[in-house]
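Undergrad: File name start_19.txt; file contents compact mmCIF, C-alpha atoms; full text below.
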```
# COMPACT_ATOMS: atom_id res chain seq x y z
CA MET A 1 -21.47 -86.28 26.34
CA SER A 2 -18.51 -87.01 28.58
CA PHE A 3 -15.68 -84.81 29.78
CA GLU A 4 -12.61 -84.60 27.61
CA LEU A 5 -9.71 -82.25 28.32
CA HIS A 6 -9.24 -79.65 25.56
CA GLU A 7 -6.22 -80.57 23.44
CA ARG A 8 -4.54 -77.20 23.94
CA LEU A 9 -4.72 -77.56 27.73
CA ALA A 10 -3.46 -81.13 27.45
CA ALA A 11 -0.52 -80.02 25.31
CA ASP A 12 0.54 -77.14 27.57
CA THR A 13 0.31 -78.80 30.98
CA PHE A 14 1.12 -81.75 33.24
CA LEU A 15 -1.52 -83.61 35.26
CA VAL A 16 -1.18 -82.99 39.00
CA THR A 17 -4.28 -84.65 40.43
CA ASP A 18 -8.06 -84.97 40.20
CA LEU A 19 -10.11 -83.33 42.96
CA THR A 20 -13.83 -84.01 43.49
CA LEU A 21 -14.83 -81.68 40.66
CA CYS A 22 -11.72 -80.36 38.98
CA ARG A 23 -8.71 -81.75 37.20
CA VAL A 24 -5.61 -79.92 38.43
CA LEU A 25 -2.94 -79.20 35.83
CA LEU A 26 0.50 -77.62 36.08
CA MET A 27 1.30 -75.18 33.28
CA ASN A 28 4.59 -76.14 31.63
CA ASP A 29 6.19 -72.74 32.09
CA ARG A 30 8.84 -72.54 34.77
CA ARG A 31 8.75 -68.73 34.78
CA PHE A 32 5.51 -68.85 36.79
CA PRO A 33 4.21 -71.44 39.30
CA TRP A 34 0.84 -71.83 37.59
CA LEU A 35 -2.02 -74.27 38.13
CA ILE A 36 -5.08 -74.68 35.93
CA LEU A 37 -8.32 -76.14 37.31
CA VAL A 38 -10.74 -77.73 34.86
CA PRO A 39 -14.14 -78.90 36.13
CA ARG A 40 -14.55 -82.44 34.73
CA ARG A 41 -17.98 -81.74 33.23
CA PRO A 42 -18.71 -81.38 29.52
CA GLY A 43 -19.97 -78.18 27.94
CA LEU A 44 -18.90 -75.57 30.53
CA ARG A 45 -17.53 -72.25 29.24
CA ASP A 46 -17.98 -69.40 31.69
CA PHE A 47 -17.17 -69.16 35.40
CA ASP A 48 -20.87 -69.12 36.31
CA ASP A 49 -21.70 -72.19 34.18
CA VAL A 50 -20.88 -74.66 36.97
CA ALA A 51 -24.06 -76.37 38.23
CA GLY A 52 -25.54 -74.99 41.45
CA THR A 53 -24.95 -78.26 43.30
CA GLU A 54 -21.26 -78.19 42.36
CA LYS A 55 -20.48 -74.52 42.97
CA ALA A 56 -19.37 -75.11 46.57
CA ASP A 57 -16.86 -77.75 45.41
CA PHE A 58 -15.73 -75.49 42.57
CA HIS A 59 -14.99 -72.54 44.82
CA ALA A 60 -13.45 -74.67 47.59
CA GLU A 61 -11.09 -76.24 45.04
CA ILE A 62 -10.02 -72.82 43.72
CA ASP A 63 -9.26 -71.77 47.30
CA LEU A 64 -7.41 -75.04 47.96
CA ALA A 65 -5.31 -74.62 44.82
CA SER A 66 -4.48 -71.05 45.87
CA ALA A 67 -3.38 -72.20 49.32
CA VAL A 68 -1.35 -75.16 48.01
CA LEU A 69 0.46 -73.11 45.36
CA ARG A 70 1.04 -70.09 47.61
CA GLU A 71 2.71 -72.37 50.15
CA ALA A 72 4.68 -74.43 47.61
CA ALA A 73 5.96 -71.37 45.76
CA GLY A 74 6.28 -68.96 48.68
CA ALA A 75 4.24 -66.53 46.61
CA GLU A 76 3.65 -62.88 47.44
CA LYS A 77 0.41 -62.63 45.46
CA MET A 78 -2.01 -65.03 43.78
CA ASN A 79 -3.79 -64.32 40.50
CA VAL A 80 -7.06 -66.18 39.87
CA ALA A 81 -8.78 -65.92 36.50
CA ALA A 82 -11.23 -67.59 34.15
CA LEU A 83 -10.73 -66.07 30.71
CA GLY A 84 -11.21 -68.69 28.01
CA ASN A 85 -11.11 -66.39 25.00
CA MET A 86 -8.89 -68.85 23.13
CA VAL A 87 -9.64 -72.19 24.78
CA PRO A 88 -13.43 -72.36 25.19
CA GLN A 89 -13.43 -75.13 27.84
CA LEU A 90 -13.91 -73.60 31.31
CA HIS A 91 -10.58 -73.48 33.10
CA VAL A 92 -9.39 -71.39 36.03
CA HIS A 93 -5.86 -70.07 36.22
CA VAL A 94 -4.27 -69.97 39.68
CA ILE A 95 -0.89 -68.30 39.38
CA ALA A 96 1.75 -67.50 41.99
CA ARG A 97 3.21 -64.05 41.41
CA PHE A 98 6.33 -62.31 42.66
CA ALA A 99 7.46 -58.71 42.41
CA GLY A 100 10.09 -58.94 39.68
CA ASP A 101 8.80 -62.07 37.91
CA ALA A 102 8.89 -62.13 34.10
CA ALA A 103 5.59 -60.26 33.74
CA TRP A 104 5.25 -58.30 36.99
CA PRO A 105 3.07 -56.31 37.58
CA SER A 106 1.22 -57.17 34.38
CA PRO A 107 -0.85 -60.32 33.91
CA VAL A 108 1.13 -63.32 32.66
CA TRP A 109 -0.83 -64.11 29.50
CA GLY A 110 0.89 -63.35 26.22
CA VAL A 111 4.14 -62.27 27.87
CA GLY A 112 7.22 -63.69 26.13
CA GLU A 113 7.61 -67.41 25.53
CA ALA A 114 6.91 -70.25 27.94
CA GLU A 115 10.05 -71.85 29.41
CA PRO A 116 9.38 -75.59 29.74
CA TYR A 117 10.44 -77.38 32.93
CA GLY A 118 13.24 -79.90 32.84
CA ALA A 119 11.90 -83.46 33.23
CA ASP A 120 13.27 -83.97 36.77
CA GLU A 121 12.19 -80.51 37.84
CA ALA A 122 8.64 -81.11 36.59
CA ARG A 123 8.42 -84.56 38.20
CA SER A 124 9.58 -83.29 41.57
CA LEU A 125 7.27 -80.24 41.55
CA ILE A 126 4.26 -82.31 40.49
CA GLU A 127 4.95 -84.80 43.28
CA ARG A 128 5.23 -82.01 45.86
CA LEU A 129 2.00 -80.42 44.66
CA ALA A 130 0.08 -83.72 44.49
CA THR A 131 1.18 -84.52 48.06
CA ALA A 132 0.02 -81.09 49.25
CA PHE A 133 -3.38 -81.55 47.57
CA ARG A 134 -3.80 -84.88 49.35
CA GLY A 135 -3.37 -82.78 52.53
CA MET B 1 -10.31 -50.88 60.65
CA SER B 2 -13.20 -50.04 58.34
CA PHE B 3 -13.61 -50.58 54.62
CA GLU B 4 -12.44 -47.82 52.34
CA LEU B 5 -12.37 -48.13 48.56
CA HIS B 6 -8.84 -47.92 47.12
CA GLU B 7 -8.31 -44.50 45.54
CA ARG B 8 -7.27 -45.96 42.18
CA LEU B 9 -10.50 -47.99 41.95
CA ALA B 10 -12.50 -44.92 43.01
CA ALA B 11 -10.83 -42.82 40.31
CA ASP B 12 -11.31 -45.32 37.47
CA THR B 13 -14.95 -46.35 38.08
CA PHE B 14 -18.55 -45.35 38.75
CA LEU B 15 -20.59 -46.76 41.64
CA VAL B 16 -23.37 -49.09 40.43
CA THR B 17 -24.72 -50.55 43.67
CA ASP B 18 -23.86 -52.26 46.94
CA LEU B 19 -24.76 -55.94 47.25
CA THR B 20 -24.71 -57.84 50.57
CA LEU B 21 -20.93 -58.23 50.48
CA CYS B 22 -19.54 -56.42 47.47
CA ARG B 23 -19.53 -52.90 46.12
CA VAL B 24 -20.24 -53.06 42.38
CA LEU B 25 -18.35 -50.59 40.20
CA LEU B 26 -18.47 -49.87 36.47
CA MET B 27 -15.07 -49.37 34.88
CA ASN B 28 -14.99 -46.05 33.03
CA ASP B 29 -13.88 -47.56 29.72
CA ARG B 30 -16.55 -47.75 27.04
CA ARG B 31 -14.47 -50.18 24.97
CA PHE B 32 -15.43 -53.02 27.35
CA PRO B 33 -18.57 -53.53 29.48
CA TRP B 34 -16.63 -54.11 32.70
CA LEU B 35 -17.76 -54.47 36.32
CA ILE B 36 -15.52 -54.62 39.35
CA LEU B 37 -16.67 -56.25 42.59
CA VAL B 38 -15.01 -55.20 45.83
CA PRO B 39 -15.91 -57.02 49.06
CA ARG B 40 -16.59 -54.25 51.60
CA ARG B 41 -14.25 -55.68 54.21
CA PRO B 42 -10.88 -54.22 55.17
CA GLY B 43 -7.57 -55.98 54.62
CA LEU B 44 -8.50 -58.50 51.87
CA ARG B 45 -5.96 -59.09 49.10
CA ASP B 46 -6.30 -62.49 47.46
CA PHE B 47 -9.37 -64.30 46.11
CA ASP B 48 -9.26 -66.83 48.95
CA ASP B 49 -9.00 -64.17 51.68
CA VAL B 50 -12.79 -63.79 51.97
CA ALA B 51 -14.01 -65.15 55.32
CA GLY B 52 -15.54 -68.63 55.26
CA THR B 53 -18.95 -67.33 56.34
CA GLU B 54 -18.98 -64.84 53.46
CA LYS B 55 -17.66 -67.05 50.66
CA ALA B 56 -21.15 -68.11 49.55
CA ASP B 57 -22.20 -64.45 49.18
CA PHE B 58 -18.94 -63.65 47.40
CA HIS B 59 -19.33 -66.35 44.81
CA ALA B 60 -23.07 -65.74 44.35
CA GLU B 61 -22.37 -62.06 43.71
CA ILE B 62 -19.71 -62.87 41.11
CA ASP B 63 -22.21 -65.12 39.35
CA LEU B 64 -24.94 -62.46 39.60
CA ALA B 65 -22.64 -59.80 38.14
CA SER B 66 -21.73 -62.18 35.30
CA ALA B 67 -25.40 -62.81 34.52
CA VAL B 68 -26.41 -59.14 34.74
CA LEU B 69 -23.55 -57.93 32.55
CA ARG B 70 -23.87 -60.76 30.02
CA GLU B 71 -27.54 -59.88 29.55
CA ALA B 72 -27.04 -56.10 29.53
CA ALA B 73 -24.17 -56.27 27.03
CA GLY B 74 -25.30 -59.24 24.95
CA ALA B 75 -21.85 -60.69 25.56
CA GLU B 76 -20.41 -63.74 23.85
CA LYS B 77 -17.94 -64.53 26.64
CA MET B 78 -17.34 -63.41 30.20
CA ASN B 79 -13.90 -62.96 31.74
CA VAL B 80 -13.66 -63.21 35.55
CA ALA B 81 -10.40 -62.40 37.31
CA ALA B 82 -8.86 -61.36 40.60
CA LEU B 83 -5.35 -60.09 39.87
CA GLY B 84 -4.46 -57.17 42.14
CA ASN B 85 -0.81 -56.85 41.23
CA MET B 86 -1.10 -53.06 41.09
CA VAL B 87 -4.10 -52.33 43.36
CA PRO B 88 -3.66 -54.51 46.45
CA GLN B 89 -7.31 -54.27 47.61
CA LEU B 90 -9.18 -57.47 46.61
CA HIS B 91 -11.33 -56.74 43.55
CA VAL B 92 -12.84 -59.06 40.98
CA HIS B 93 -13.07 -58.08 37.33
CA VAL B 94 -16.17 -59.25 35.46
CA ILE B 95 -15.79 -58.29 31.82
CA ALA B 96 -18.07 -58.84 28.83
CA ARG B 97 -16.07 -59.85 25.78
CA PHE B 98 -16.84 -59.95 22.08
CA ALA B 99 -14.93 -61.43 19.16
CA GLY B 100 -13.45 -58.32 17.58
CA ASP B 101 -13.42 -56.08 20.67
CA ALA B 102 -10.39 -53.82 21.21
CA ALA B 103 -8.34 -56.58 22.89
CA TRP B 104 -9.83 -59.83 21.55
CA PRO B 105 -8.77 -62.58 22.09
CA SER B 106 -6.21 -61.22 24.57
CA PRO B 107 -7.06 -60.13 28.11
CA VAL B 108 -8.11 -56.48 28.39
CA TRP B 109 -5.54 -55.26 30.91
CA GLY B 110 -2.87 -52.93 29.58
CA VAL B 111 -4.34 -52.78 26.08
CA GLY B 112 -4.41 -49.24 24.65
CA GLU B 113 -6.01 -46.37 26.52
CA ALA B 114 -9.35 -46.36 28.34
CA GLU B 115 -12.11 -44.49 26.48
CA PRO B 116 -14.25 -42.73 29.10
CA TYR B 117 -18.04 -42.86 28.76
CA GLY B 118 -19.97 -39.69 27.95
CA ALA B 119 -21.91 -38.42 30.98
CA ASP B 120 -25.35 -39.36 29.63
CA GLU B 121 -24.10 -42.72 28.38
CA ALA B 122 -22.62 -43.56 31.78
CA ARG B 123 -25.73 -42.45 33.67
CA SER B 124 -28.04 -44.51 31.49
CA LEU B 125 -25.87 -47.64 31.64
CA ILE B 126 -25.44 -47.40 35.42
CA GLU B 127 -29.20 -47.04 35.85
CA ARG B 128 -29.84 -50.09 33.65
CA LEU B 129 -27.29 -52.16 35.55
CA ALA B 130 -28.51 -51.04 38.98
CA THR B 131 -32.07 -51.97 38.00
CA ALA B 132 -30.92 -55.39 36.83
CA PHE B 133 -29.04 -56.00 40.09
CA ARG B 134 -32.19 -55.17 42.05
CA GLY B 135 -33.72 -57.99 40.00
```
As structure tokens - that is how I would like this structure written.
TA:
Amino acid sequence: MSFELHERLAADTFLVTDLTLCRVLLMNDRRFPWLILVPRRPGLRDFDDVAGTEKADFHAEIDLASAVLREAAGAEKMNVAALGNMVPQLHVHVIARFAGDAAWPSPVWGVGEAEPYGADEARSLIERLATAFRG
Amino acid sequence: MSFELHERLAADTFLVTDLTLCRVLLMNDRRFPWLILVPRRPGLRDFDDVAGTEKADFHAEIDLASAVLREAAGAEKMNVAALGNMVPQLHVHVIARFAGDAAWPSPVWGVGEAEPYGADEARSLIERLATAFRG
């Protein structure tokens, strides 16, 4: 069994980069700077399903994504969450939050409708993020 | 500066146990089996704020809480999240979810009103969980 990105995640996001363990995706919703990390291993569902030997990479990549997005977005607060009630493939949301954003202070899920990025806006943000991940 | 549990967390939960790093709390809402982990260090806000030397404990304790609660509740899915938009003290939600629970498949936050446990029910659940954490 090999890794394949869930079709719902593929449809809702842009590819930013691949880290050692995780694929990094940008959610196509310009209301919230929002990354999604997906460990590129088949059959994972819950946060604690990552193999013992890969947990250090997993957690380091969540922290890296938090740092990269906080800096890129100038965020006041980061939200980190693995829910997966609708999309069963393990994925971790890393979301930059601001007092006064479209959902504040509630969580972002299920609030209003996503506002897709313009093509140039997406391309430029993805390039900035990918550069920051390369360090 | 010493650790002090945020008053909102203290008001909404019962103490289950203290692990090496985190205080483990049970959310007083019988609709969802729901633990909250709070690293007993002052001044932490975001998931990546935990000190490098304590990250391994932090992540191991999240995984332990997931395993304990999954087993105790017979859960189908675990939700793990560090949000903190309202309570700034770093705390990690570990929630057992079931198809058909009061919020499914949405996240649990902000859904309806909490249903407090009865005193005996809370005592017995806390004792079961504390025993499981002691392993």
Undergrad: Report, in Å with one decimal, the straight-line distance from CA of Asp18 (chain A) to CA of Leu83 (chain A).
TA: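 Rounded to one decimal, the two atoms are 21.3 Å apart.
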Undergrad: Could you give me, as a list of chain:residue names, the residues within 6 Å of region 86-101 of chain B, counting all atoms listed in the file and dropping anything in the same chain fewer than 6 positions from it?
TA: B:Pro33, B:Trp34, B:Leu35, B:Ile36, B:Leu37, B:Val38, B:Leu44, B:Arg45, B:Asp46, B:Ala75, B:Glu76, B:Lys77, B:Met78, B:Asn79, B:Val80
Undergrad: For the selection just defined, write its residues with C-alpha atoms to a file, as a CSV table (one decimal), keeping the file's coordinate frame.
TA:
```
chain,number,residue,atom,x,y,z
B,33,PRO,CA,-18.6,-53.5,29.5
B,34,TRP,CA,-16.6,-54.1,32.7
B,35,LEU,CA,-17.8,-54.5,36.3
B,36,ILE,CA,-15.5,-54.6,39.4
B,37,LEU,CA,-16.7,-56.2,42.6
B,38,VAL,CA,-15.0,-55.2,45.8
B,44,LEU,CA,-8.5,-58.5,51.9
B,45,ARG,CA,-6.0,-59.1,49.1
B,46,ASP,CA,-6.3,-62.5,47.5
B,75,ALA,CA,-21.8,-60.7,25.6
B,76,GLU,CA,-20.4,-63.7,23.8
B,77,LYS,CA,-17.9,-64.5,26.6
B,78,MET,CA,-17.3,-63.4,30.2
B,79,ASN,CA,-13.9,-63.0,31.7
B,80,VAL,CA,-13.7,-63.2,35.6
```
Undergrad: Near chain A, which residues of chain B fall within 8 Å when you count only C-alpha atoms, and what do they look like as a VMD selection string?
TA: chain B and resid 46 to 48 56 59 62 to 63 66 to 67 77 to 86 104 to 107 109 to 110
Undergrad: Identify which of the residues B:Gly112, B:Met27, B:Cys22, B:Tyr117 lies closest to Glu54 (chain B), counting all atoms listed in the file when measuring atom-to-atom distances.
TA: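 Among the listed residues, the smallest separation from Glu54 (chain B) belongs to B:Cys22.
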Undergrad: To one decimal place, how far is CA of Ala103 (chain B) from CA of Arg31 (chain B) in Å?
TA: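 Taking CA of Ala103 (chain B) and CA of Arg31 (chain B), their separation equals 9.1 Å.
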Undergrad: Take the point (-14.6, -53.2, 50.1) in the file's coordinates, draw a sphere of radius 7 Å around it, and report as a list in words every protein, DNA or RNA residue with an atom inside or on it, counting all atoms listed in the file.
TA: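 Here is the list of nearby residues: Phe3, Glu4, Leu5, Cys22, Arg23, Val38, Pro39, Arg40, Arg41 and Pro42 of chain B.
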Undergrad: Please provide as number ranges by chain all residues within 12 Å of region 121-128 of chain A, with the sequence filter that same-chain residues fewer than 2 positions apart are discarded (counting all atoms listed in the file).
TA: A: 13-17, 24-30, 33-35, 68-69, 71-73, 115-119, 130-135
